[in-house]
file final-v7.txt (compact mmCIF, C-alpha atoms)
# COMPACT_ATOMS: atom_id res chain seq x y z
CA MET A 1 0.00 0.00 0.00
CA LYS A 2 1.34 3.42 -0.92
CA LEU A 3 -0.05 6.20 1.21
CA SER A 4 -0.48 9.74 -0.01
CA LYS A 5 2.00 12.19 1.47
CA LYS A 6 -0.58 14.54 2.95
CA SER A 7 -3.94 13.12 3.88
CA SER A 8 -7.07 14.55 5.42
CA THR A 9 -7.55 14.17 9.14
CA ILE A 10 -9.70 11.45 10.66
CA LYS A 11 -13.41 12.23 10.44
CA GLU A 12 -14.30 10.83 13.86
CA SER A 13 -12.07 12.72 16.28
CA ASN A 14 -11.71 14.30 19.67
CA TYR A 15 -9.45 17.20 20.54
CA ASN A 16 -6.19 15.30 20.92
CA LYS A 17 -3.31 15.24 18.46
CA LEU A 18 -0.77 12.41 18.35
CA SER A 19 2.83 12.84 17.24
CA ILE A 20 4.91 9.67 16.82
CA GLN A 21 8.61 9.49 15.96
CA ILE A 22 10.02 6.13 14.86
CA ALA A 23 13.52 4.76 14.35
CA LEU A 24 15.05 1.31 14.37
CA ASN A 25 16.37 1.94 17.87
CA GLY A 26 13.18 3.29 19.38
CA LEU A 27 9.88 5.12 19.39
CA SER A 28 8.79 8.31 21.09
CA PHE A 29 5.42 9.99 21.11
CA CYS A 30 3.48 12.87 22.60
CA ILE A 31 -0.21 13.72 22.83
CA LEU A 32 -1.44 17.33 22.71
CA ASP A 33 -4.81 18.32 24.19
CA THR A 34 -5.73 21.13 21.78
CA VAL A 35 -8.41 22.51 24.10
CA LYS A 36 -6.08 22.96 27.08
CA ASN A 37 -3.10 23.49 24.73
CA GLU A 38 -1.20 21.05 26.91
CA ILE A 39 1.02 18.01 26.31
CA THR A 40 -0.70 15.31 28.34
CA SER A 41 1.61 12.39 27.44
CA LEU A 42 5.28 12.27 26.48
CA GLU A 43 7.06 8.91 26.45
CA ARG A 44 10.09 7.21 24.91
CA PHE A 45 10.79 3.53 24.21
CA HIS A 46 14.21 2.12 23.28
CA PHE A 47 14.62 -0.98 21.09
CA GLU A 48 17.97 -2.68 21.62
CA THR A 49 18.01 -5.47 19.03
CA VAL A 50 16.00 -4.12 16.08
CA THR A 51 17.90 -4.14 12.78
CA ASN A 52 15.18 -4.03 10.11
CA PRO A 53 11.66 -2.65 9.52
CA LEU A 54 9.93 -6.00 10.13
CA GLN A 55 11.45 -6.28 13.61
CA LEU A 56 10.57 -2.63 14.18
CA GLU A 57 6.93 -3.30 13.31
CA LYS A 58 6.73 -6.08 15.92
CA GLN A 59 8.19 -3.81 18.59
CA ILE A 60 5.77 -1.00 17.75
CA ILE A 61 2.80 -3.39 17.89
CA THR A 62 3.95 -4.44 21.37
CA VAL A 63 4.08 -0.80 22.49
CA LEU A 64 0.62 -0.10 21.05
CA ASN A 65 -0.87 -3.18 22.71
CA THR A 66 0.66 -2.49 26.12
CA HIS A 67 -0.49 1.15 26.13
CA LYS A 68 -4.03 0.79 24.80
CA ASN A 69 -5.28 3.51 27.16
CA LEU A 70 -3.19 6.02 25.20
CA PHE A 71 -3.28 4.70 21.65
CA ASP A 72 -6.78 3.21 21.42
CA GLN A 73 -8.63 6.50 21.12
CA PRO A 74 -9.73 8.64 18.18
CA PHE A 75 -7.38 11.52 17.42
CA GLN A 76 -8.09 14.81 15.76
CA GLU A 77 -4.81 14.40 13.89
CA VAL A 78 -1.96 11.89 13.73
CA VAL A 79 1.51 12.87 12.50
CA VAL A 80 4.44 10.49 12.07
CA SER A 81 8.13 11.22 11.53
CA HIS A 82 10.62 8.67 10.20
CA ILE A 83 14.19 8.64 11.49
CA ASN A 84 16.71 6.98 9.18
CA SER A 85 19.69 7.91 7.03
CA LEU A 86 17.91 7.02 3.77
CA SER A 87 17.48 10.61 2.66
CA THR A 88 19.14 13.40 0.75
CA PHE A 89 18.44 17.10 0.17
CA VAL A 90 18.05 18.42 -3.36
CA PRO A 91 17.93 22.11 -4.37
CA LYS A 92 14.42 22.85 -5.57
CA PRO A 93 15.51 24.20 -9.00
CA LEU A 94 17.22 20.83 -9.69
CA PHE A 95 14.38 18.69 -8.37
CA SER A 96 12.04 16.51 -10.43
CA ASP A 97 9.69 13.94 -8.91
CA LYS A 98 10.50 11.68 -11.86
CA ASN A 99 14.11 11.22 -10.70
CA LEU A 100 13.68 10.29 -7.03
CA SER A 101 15.81 7.15 -7.16
CA ASP A 102 18.61 9.00 -8.94
CA TYR A 103 18.98 11.42 -6.03
CA LEU A 104 19.31 8.62 -3.49
CA LYS A 105 21.26 5.92 -5.28
CA TYR A 106 24.72 7.47 -4.85
CA ASN A 107 24.48 7.62 -1.04
CA ASN A 108 22.15 4.72 -0.24
CA LYS A 109 21.51 1.18 -1.32
CA ILE A 110 18.11 1.14 -3.01
CA LEU A 111 16.08 -2.03 -3.49
CA PRO A 112 13.73 -2.47 -6.49
CA ASN A 113 10.62 -2.44 -4.30
CA ASP A 114 11.62 0.55 -2.15
CA TYR A 115 9.00 3.30 -2.00
CA ILE A 116 10.66 6.71 -2.39
CA THR A 117 8.90 9.95 -1.55
CA PHE A 118 9.82 13.55 -0.69
CA ASP A 119 9.10 16.53 1.55
CA VAL A 120 9.33 20.13 0.45
CA VAL A 121 11.24 22.14 3.06
CA THR A 122 8.75 24.95 3.64
CA ASN A 123 11.12 27.77 4.58
CA ASN A 124 14.04 27.05 2.27
CA ASP A 125 14.58 26.26 -1.38
CA MET A 126 15.10 22.51 -0.89
CA VAL A 127 13.40 19.13 -1.17
CA ASN A 128 14.13 16.14 1.07
CA VAL A 129 14.01 12.85 -0.88
CA TYR A 130 13.79 9.73 1.32
CA ILE A 131 12.58 6.18 1.89
CA PRO A 132 10.01 5.89 4.70
CA TYR A 133 9.19 2.73 6.62
CA VAL A 134 6.21 1.78 4.47
CA ASN A 135 5.18 -1.17 6.63
CA ILE A 136 5.02 1.16 9.64
CA ASN A 137 2.94 3.66 7.69
CA ASN A 138 0.56 0.86 6.77
CA LEU A 139 0.37 -0.19 10.41
CA PHE A 140 -0.70 3.31 11.47
CA PHE A 141 -3.05 3.63 8.50
CA ASP A 142 -4.83 0.43 9.53
CA LYS A 143 -5.13 1.71 13.10
CA TYR A 144 -5.99 5.39 12.60
CA GLY A 145 -6.95 5.91 8.99
CA ALA A 146 -5.50 8.86 7.11
CA PHE A 147 -2.52 10.67 8.67
CA SER A 148 0.48 12.82 7.70
CA TYR A 149 4.14 11.86 7.75
CA LYS A 150 7.53 13.43 7.13
CA HIS A 151 11.17 12.56 7.40
CA PHE A 152 12.59 13.83 10.67
CA ALA A 153 15.38 15.74 8.87
CA THR A 154 12.74 17.89 7.20
CA ILE A 155 11.27 18.77 10.60
CA LEU A 156 14.74 19.38 12.01
CA LEU A 157 15.79 21.79 9.27
CA GLU A 158 12.47 23.63 9.08
CA ASN A 159 12.58 24.41 12.78
CA ILE A 160 16.27 25.27 12.91
CA PHE A 161 15.70 27.75 10.09
CA GLN A 162 13.03 29.34 12.29
CA LEU A 163 15.55 29.66 15.14
CA ALA A 164 18.34 31.05 12.97
CA ASP A 165 18.70 34.78 12.45
CA ASN A 166 20.49 36.73 9.74
CA ASN A 167 23.83 36.06 11.38
CA GLN A 168 26.81 37.07 9.28
CA GLU A 169 28.82 34.27 10.90
CA ALA A 170 28.17 30.57 10.40
CA VAL A 171 26.32 28.86 13.26
CA VAL A 172 26.70 25.12 13.90
CA TYR A 173 23.81 22.98 15.19
CA VAL A 174 24.46 19.42 16.34
CA HIS A 175 21.41 17.18 16.80
CA VAL A 176 22.32 14.14 18.91
CA GLN A 177 20.65 10.74 18.86
CA LYS A 178 21.73 7.36 20.15
CA ASP A 179 24.47 6.12 17.77
CA GLN A 180 23.77 8.88 15.22
CA PHE A 181 23.94 12.66 14.98
CA GLU A 182 23.36 15.41 12.46
CA ILE A 183 25.42 18.55 11.83
CA ILE A 184 23.70 21.58 10.34
CA VAL A 185 25.58 24.78 9.53
CA ILE A 186 23.62 27.92 8.66
CA LYS A 187 24.78 31.37 7.64
CA ASN A 188 22.48 34.26 6.74
CA LYS A 189 19.53 31.83 6.93
CA LYS A 190 21.16 29.73 4.19
CA LEU A 191 22.20 26.12 4.60
CA LEU A 192 25.96 25.70 4.25
CA PHE A 193 26.22 22.10 5.40
CA TYR A 194 24.11 19.13 6.44
CA ASN A 195 25.31 15.61 7.15
CA SER A 196 24.46 12.65 9.33
CA PHE A 197 27.08 10.47 11.03
CA GLU A 198 27.02 7.23 12.99
CA TYR A 199 29.24 6.99 16.07
CA LEU A 200 30.10 4.55 18.84
CA THR A 201 32.40 6.60 21.08
CA SER A 202 32.94 10.23 22.00
CA GLU A 203 36.18 10.05 19.98
CA ASP A 204 34.18 9.11 16.87
CA PHE A 205 31.78 11.94 17.60
CA ILE A 206 34.32 14.73 18.01
CA TYR A 207 36.30 13.53 14.98
CA TYR A 208 33.29 14.05 12.70
CA VAL A 209 32.40 17.36 14.33
CA LEU A 210 35.90 18.80 13.98
CA PHE A 211 36.34 17.37 10.48
CA SER A 212 33.14 19.08 9.34
CA ILE A 213 34.19 22.36 10.92
CA GLU A 214 37.60 22.11 9.27
CA GLN A 215 36.09 21.43 5.84
CA LEU A 216 34.09 24.64 6.14
CA GLN A 217 37.21 26.52 7.31
CA LEU A 218 35.51 27.68 10.49
CA ASN A 219 37.38 28.80 13.60
CA THR A 220 36.63 26.68 16.69
CA ASN A 221 37.52 29.65 18.93
CA GLU A 222 34.98 31.94 17.29
CA LEU A 223 32.04 29.89 16.01
CA GLN A 224 28.85 29.28 17.99
CA LEU A 225 27.80 25.63 18.37
CA TYR A 226 24.33 24.67 19.63
CA PHE A 227 23.40 21.21 20.83
CA LEU A 228 19.91 19.75 20.65
CA GLY A 229 18.44 16.27 20.99
CA ASP A 230 19.54 13.50 23.35
CA ILE A 231 22.41 15.21 25.18
CA SER A 232 23.05 16.96 28.49
CA LYS A 233 25.83 19.00 30.04
CA GLU A 234 26.95 15.91 31.94
CA ASP A 235 27.32 13.89 28.73
CA SER A 236 30.81 12.93 27.53
CA LEU A 237 29.87 14.23 24.06
CA TYR A 238 29.34 17.69 25.53
CA THR A 239 32.58 17.50 27.51
CA VAL A 240 34.74 16.50 24.56
CA THR A 241 33.15 19.14 22.32
CA TYR A 242 33.69 21.87 24.91
CA THR A 243 37.35 20.85 25.04
CA TYR A 244 37.82 21.87 21.39
CA VAL A 245 35.06 24.42 20.73
CA ARG A 246 34.94 27.56 22.86
CA ASN A 247 31.29 28.63 22.47
CA VAL A 248 28.97 25.68 23.17
CA SER A 249 25.32 26.10 24.22
CA PHE A 250 22.00 24.28 24.08
CA VAL A 251 19.07 25.32 21.91
CA ASP A 252 16.45 26.91 24.17
CA LYS A 253 13.27 26.18 22.25
CA LYS A 254 10.13 27.97 23.42
CA TYR A 255 7.07 25.82 22.81
CA PRO A 256 3.56 27.26 22.32
CA PHE A 257 2.00 24.81 24.78
CA THR A 258 2.40 23.71 28.39
CA PHE A 259 3.19 20.29 29.83
CA ASP A 260 1.04 18.30 32.21
CA GLU A 261 2.82 17.62 35.50
CA SER A 262 2.61 13.88 34.82
CA CYS A 263 4.90 14.19 31.77
CA THR A 264 8.57 13.33 32.10
CA LYS A 265 9.75 16.63 30.68
CA LEU A 266 13.42 17.03 29.86
CA ASP A 267 15.24 20.22 28.89
CA ASN A 268 13.91 22.36 26.04
CA HIS A 269 16.50 21.06 23.58
CA ASN A 270 15.43 17.42 24.08
CA ASP A 271 12.65 15.84 21.97
CA PHE A 272 13.08 18.75 19.53
CA THR A 273 11.85 17.03 16.35
CA LEU A 274 9.01 15.26 18.18
CA LEU A 275 7.58 18.34 19.87
CA THR A 276 7.96 20.65 16.87
CA ASN A 277 5.94 18.20 14.77
CA ILE A 278 2.80 18.27 16.91

call {"tool": "encode", "arguments": {"input": "final-v7.txt", "output": "structure tokens"}}
result
Amino acid sequence: MKLSKKSSTIKESNYNKLSIQIALNGLSFCILDTVKNEITSLERFHFETVTNPLQLEKQIITVLNTHKNLFDQPFQEVVVSHINSLSTFVPKPLFSDKNLSDYLKYNNKILPNDYITFDVVTNNDMVNVYIPYVNINNLFFDKYGAFSYKHFATILLENIFQLADNNQEAVVYVHVQKDQFEIIVIKNKKLLFYNSFEYLTSEDFIYYVLFSIEQLQLNTNELQLYFLGDISKEDSLYTVTYTYVRNVSFVDKKYPFTFDESCTKLDNHNDFTLLTNI
């Protein structure tokens, strides 16, 4: 089944919106009560042994079945974001929806039956071409009916562009996940650099960070680096970065809603792509 990229919302609904973010190594979700304008649920689940979409589907079904009180309700809207490295950005003037596989094939292994789609980055002149987890989309379609989905990198860039100002100097954003991170460099609200790296140790991590900075000929004593995602000041990734980069901070995202006291709320830079997609 091939779902349309943007679908109408579910006809039978209440006032709750559901945002789900999926990756091979886990799932996170939040529920927004649109009447109270309040996040009423925010949870994260880690999958240790998942290596393919079929195993991922089984894990997600287990989560749905063990939390029926949260997931077995009608939602006003359901939005899903896919986290994987099967994506690439294409300048809009060079983009054609007839050449999707050509954009991806040089950086990713594409199978004949892979479903390739794309997101238009709303506040920049780019298109994100990617392969979603189609079996997971079908799972949510069977459960909720029509919903919307995007690649998480689209959400990440769209919201970082909103944070960025017309700074004459390049600003580095590092979005941290378990075993993977993204580096985004923006100058004058233009994207200079985007890449995703896998890492096992803090040494791997700082190597890729410094290599990217060096390739752009940026000065580690002068540039501003912002962290967001799954990282804290006590993290070894923060410590090793602060050793080599003078100006290191965390993104302080201001959200347009409140959080119920029952939610396990982390710092404002955590859950960035989940909470900005609700």

call {"tool": "residues_around", "arguments": {"input": "final-v7.txt", "residues": "Ile22 in chain A", "least_positions_apart": "5", "cutoff": "8 Å", "atoms": "all atoms listed in the file", "output": "short mmCIF file (atom, residue, chain, number, x, y, z; two decimals) with C-alpha atoms, in the coordinates of the input"}}
result
data_model
loop_
_atom_site.label_atom_id
_atom_site.label_comp_id
_atom_site.auth_asym_id
_atom_site.auth_seq_id
_atom_site.Cartn_x
_atom_site.Cartn_y
_atom_site.Cartn_z
CA LEU A 27 9.88 5.12 19.39
CA SER A 28 8.79 8.31 21.09
CA VAL A 80 4.44 10.49 12.07
CA SER A 81 8.13 11.22 11.53
CA HIS A 82 10.62 8.67 10.20
CA ILE A 83 14.19 8.64 11.49
#

call {"tool": "atom_distance", "arguments": {"input": "final-v7.txt", "atom1": "CA of Ile278 in chain A", "atom2": "CA of Gln76 in chain A"}}
result
11.5 Å

call {"tool": "residues_near_point", "arguments": {"input": "final-v7.txt", "point": "(23.6, 34.4, 12.5)", "cutoff": "8 Å", "atoms": "all atoms listed in the file", "output": "list in words"}}
result
Ala164, Asp165, Asn166, Asn167, Gln168, Glu169, Ala170, Val171, Ile186, Lys187, Asn188 and Lys189 of chain A

call {"tool": "closest_atom_pairs", "arguments": {"input": "final-v7.txt", "of": "range 4-90 of chain A", "to": "range 129-146 of chain A", "cutoff": "12 Å", "atoms": "all atoms listed in the file", "output": "tab-separated table"}}
result
residue	atom	partner	partner_atom	distance
A:Ser4	CA	A:Ala146	CA	8.8
A:Lys5	CA	A:Ala146	CA	10.0
A:Lys6	CA	A:Ala146	CA	8.6
A:Ser7	CA	A:Ala146	CA	5.6
A:Ser8	CA	A:Ala146	CA	6.1
A:Thr9	CA	A:Ala146	CA	6.0
A:Ile10	CA	A:Ala146	CA	6.1
A:Lys11	CA	A:Gly145	CA	9.2
A:Glu12	CA	A:Tyr144	CA	10.0
A:Ser13	CA	A:Tyr144	CA	10.2
A:Lys17	CA	A:Tyr144	CA	11.8
A:Leu18	CA	A:Tyr144	CA	10.5
A:Ser19	CA	A:Phe140	CA	11.7
A:Ile20	CA	A:Phe140	CA	10.0
A:Gln21	CA	A:Ile136	CA	11.1
A:Ile22	CA	A:Ile136	CA	8.8
A:Ala23	CA	A:Tyr133	CA	9.1
A:Leu24	CA	A:Tyr133	CA	9.8
A:Leu27	CA	A:Ile136	CA	11.6
A:Asn52	CA	A:Tyr133	CA	9.7
A:Pro53	CA	A:Tyr133	CA	6.6
A:Leu54	CA	A:Asn135	CA	7.6
A:Gln55	CA	A:Ile136	CA	10.6
A:Leu56	CA	A:Ile136	CA	8.1
A:Glu57	CA	A:Ile136	CA	6.1
A:Lys58	CA	A:Ile136	CA	9.7
A:Gln59	CA	A:Ile136	CA	10.7
A:Ile60	CA	A:Ile136	CA	8.4
A:Ile61	CA	A:Leu139	CA	8.5
A:Leu64	CA	A:Lys143	CA	10.0
A:Asn65	CA	A:Lys143	CA	11.6
A:Lys68	CA	A:Lys143	CA	11.8
A:Phe71	CA	A:Lys143	CA	9.2
A:Asp72	CA	A:Lys143	CA	8.6
A:Gln73	CA	A:Tyr144	CA	9.0
A:Pro74	CA	A:Tyr144	CA	7.5
A:Phe75	CA	A:Tyr144	CA	7.9
A:Gln76	CA	A:Tyr144	CA	10.2
A:Glu77	CA	A:Ala146	CA	8.8
A:Val78	CA	A:Tyr144	CA	7.7
A:Val79	CA	A:Ala146	CA	9.7
A:Val80	CA	A:Asn137	CA	8.3
A:Ser81	CA	A:Pro132	CA	8.9
A:His82	CA	A:Pro132	CA	6.2
A:Ile83	CA	A:Pro132	CA	8.4
A:Asn84	CA	A:Pro132	CA	8.1
A:Ser85	CA	A:Tyr130	CA	8.4
A:Leu86	CA	A:Tyr130	CA	5.5
A:Ser87	CA	A:Tyr130	CA	4.0
A:Thr88	CA	A:Val129	CA	5.4
A:Phe89	CA	A:Val129	CA	6.2
A:Val90	CA	A:Val129	CA	7.3

call {"tool": "write_last_selection", "arguments": {"input": "final-v7.txt", "atoms": "C-alpha atoms", "output": "mmCIF file, in the frame of the given file"}}
result
data_model
loop_
_atom_site.group_PDB
_atom_site.id
_atom_site.type_symbol
_atom_site.label_atom_id
_atom_site.label_comp_id
_atom_site.auth_asym_id
_atom_site.auth_seq_id
_atom_site.Cartn_x
_atom_site.Cartn_y
_atom_site.Cartn_z
ATOM 1 C CA SER A 4 -0.480 9.740 -0.010
ATOM 2 C CA LYS A 5 2.000 12.190 1.470
ATOM 3 C CA LYS A 6 -0.580 14.540 2.950
ATOM 4 C CA SER A 7 -3.940 13.120 3.880
ATOM 5 C CA SER A 8 -7.070 14.550 5.420
ATOM 6 C CA THR A 9 -7.550 14.170 9.140
ATOM 7 C CA ILE A 10 -9.700 11.450 10.660
ATOM 8 C CA LYS A 11 -13.410 12.230 10.440
ATOM 9 C CA GLU A 12 -14.300 10.830 13.860
ATOM 10 C CA SER A 13 -12.070 12.720 16.280
ATOM 11 C CA LYS A 17 -3.310 15.240 18.460
ATOM 12 C CA LEU A 18 -0.770 12.410 18.350
ATOM 13 C CA SER A 19 2.830 12.840 17.240
ATOM 14 C CA ILE A 20 4.910 9.670 16.820
ATOM 15 C CA GLN A 21 8.610 9.490 15.960
ATOM 16 C CA ILE A 22 10.020 6.130 14.860
ATOM 17 C CA ALA A 23 13.520 4.760 14.350
ATOM 18 C CA LEU A 24 15.050 1.310 14.370
ATOM 19 C CA LEU A 27 9.880 5.120 19.390
ATOM 20 C CA ASN A 52 15.180 -4.030 10.110
ATOM 21 C CA PRO A 53 11.660 -2.650 9.520
ATOM 22 C CA LEU A 54 9.930 -6.000 10.130
ATOM 23 C CA GLN A 55 11.450 -6.280 13.610
ATOM 24 C CA LEU A 56 10.570 -2.630 14.180
ATOM 25 C CA GLU A 57 6.930 -3.300 13.310
ATOM 26 C CA LYS A 58 6.730 -6.080 15.920
ATOM 27 C CA GLN A 59 8.190 -3.810 18.590
ATOM 28 C CA ILE A 60 5.770 -1.000 17.750
ATOM 29 C CA ILE A 61 2.800 -3.390 17.890
ATOM 30 C CA LEU A 64 0.620 -0.100 21.050
ATOM 31 C CA ASN A 65 -0.870 -3.180 22.710
ATOM 32 C CA LYS A 68 -4.030 0.790 24.800
ATOM 33 C CA PHE A 71 -3.280 4.700 21.650
ATOM 34 C CA ASP A 72 -6.780 3.210 21.420
ATOM 35 C CA GLN A 73 -8.630 6.500 21.120
ATOM 36 C CA PRO A 74 -9.730 8.640 18.180
ATOM 37 C CA PHE A 75 -7.380 11.520 17.420
ATOM 38 C CA GLN A 76 -8.090 14.810 15.760
ATOM 39 C CA GLU A 77 -4.810 14.400 13.890
ATOM 40 C CA VAL A 78 -1.960 11.890 13.730
ATOM 41 C CA VAL A 79 1.510 12.870 12.500
ATOM 42 C CA VAL A 80 4.440 10.490 12.070
ATOM 43 C CA SER A 81 8.130 11.220 11.530
ATOM 44 C CA HIS A 82 10.620 8.670 10.200
ATOM 45 C CA ILE A 83 14.190 8.640 11.490
ATOM 46 C CA ASN A 84 16.710 6.980 9.180
ATOM 47 C CA SER A 85 19.690 7.910 7.030
ATOM 48 C CA LEU A 86 17.910 7.020 3.770
ATOM 49 C CA SER A 87 17.480 10.610 2.660
ATOM 50 C CA THR A 88 19.140 13.400 0.750
ATOM 51 C CA PHE A 89 18.440 17.100 0.170
ATOM 52 C CA VAL A 90 18.050 18.420 -3.360
#

call {"tool": "atom_distance", "arguments": {"input": "final-v7.txt", "atom1": "CA of Thr264 in chain A", "atom2": "CA of Ile31 in chain A"}}
result
12.8 Å

call {"tool": "residues_around", "arguments": {"input": "final-v7.txt", "residues": "Phe47 in chain A", "least_positions_apart": "2", "cutoff": "7 Å", "atoms": "all atoms listed in the file", "output": "PyMOL selection string"}}
result
chain A and resi 25-26+45+49-50

call {"tool": "atom_distance", "arguments": {"input": "final-v7.txt", "atom1": "CA of Pro256 in chain A", "atom2": "CA of Ser41 in chain A"}}
result
15.8 Å

call {"tool": "residues_around", "arguments": {"input": "final-v7.txt", "residues": "Asn270 in chain A", "least_positions_apart": "2", "cutoff": "10 Å", "atoms": "all atoms listed in the file", "output": "ChimeraX atom specification"}}
result
/A:175-177,227-232,250-253,265-268,272-275

call {"tool": "residues_around", "arguments": {"input": "final-v7.txt", "residues": "range 236-246 of chain A", "least_positions_apart": "4", "cutoff": "10 Å", "atoms": "only C-alpha atoms", "output": "list in words"}}
result
Val176, Thr201, Ser202, Glu203, Asp204, Phe205, Ile206, Tyr207, Val209, Leu210, Asn219, Thr220, Asn221, Glu222, Leu223, Gln224, Leu225, Phe227, Ile231, Ser232 and Phe250 of chain A

call {"tool": "closest_residue", "arguments": {"input": "final-v7.txt", "among": "A:Lys178, A:Tyr226, A:Val127, A:Val248", "to": "Glu48 in chain A", "atoms": "only C-alpha atoms"}}
result
A:Lys178

call {"tool": "build_atoms", "arguments": {"input": "final-v7.txt", "residues": "range 34-48 of chain A", "atoms": "N, CA and C atoms", "output": "compact mmCIF listing (two decimals), keeping the file's coordinate frame"}}
result
# COMPACT_ATOMS: atom_id res chain seq x y z
N THR A 34 -5.64 19.84 22.47
CA THR A 34 -5.73 21.13 21.78
C THR A 34 -6.68 22.11 22.46
N VAL A 35 -7.52 21.61 23.34
CA VAL A 35 -8.41 22.51 24.10
C VAL A 35 -7.63 23.20 25.21
N LYS A 36 -6.90 22.41 26.00
CA LYS A 36 -6.08 22.96 27.08
C LYS A 36 -4.74 23.49 26.57
N ASN A 37 -4.40 23.16 25.30
CA ASN A 37 -3.10 23.49 24.73
C ASN A 37 -1.99 22.97 25.64
N GLU A 38 -2.09 21.66 25.93
CA GLU A 38 -1.20 21.05 26.91
C GLU A 38 -0.77 19.66 26.44
N ILE A 39 0.52 19.36 26.56
CA ILE A 39 1.02 18.01 26.31
C ILE A 39 0.63 17.14 27.51
N THR A 40 -0.21 16.15 27.25
CA THR A 40 -0.70 15.31 28.34
C THR A 40 0.08 14.01 28.47
N SER A 41 0.78 13.59 27.41
CA SER A 41 1.61 12.39 27.44
C SER A 41 2.87 12.64 26.64
N LEU A 42 3.99 12.17 27.17
CA LEU A 42 5.28 12.27 26.48
C LEU A 42 6.12 11.10 26.95
N GLU A 43 6.35 10.12 26.04
CA GLU A 43 7.06 8.91 26.45
C GLU A 43 8.03 8.47 25.37
N ARG A 44 9.04 7.70 25.81
CA ARG A 44 10.09 7.21 24.91
C ARG A 44 10.32 5.73 25.18
N PHE A 45 10.52 4.96 24.10
CA PHE A 45 10.79 3.53 24.21
C PHE A 45 12.03 3.21 23.39
N HIS A 46 12.97 2.48 23.97
CA HIS A 46 14.21 2.12 23.28
C HIS A 46 14.15 0.64 22.87
N PHE A 47 14.56 0.38 21.62
CA PHE A 47 14.62 -0.98 21.09
C PHE A 47 16.09 -1.35 20.91
N GLU A 48 16.55 -2.36 21.60
CA GLU A 48 17.97 -2.68 21.62
C GLU A 48 18.42 -3.57 20.46
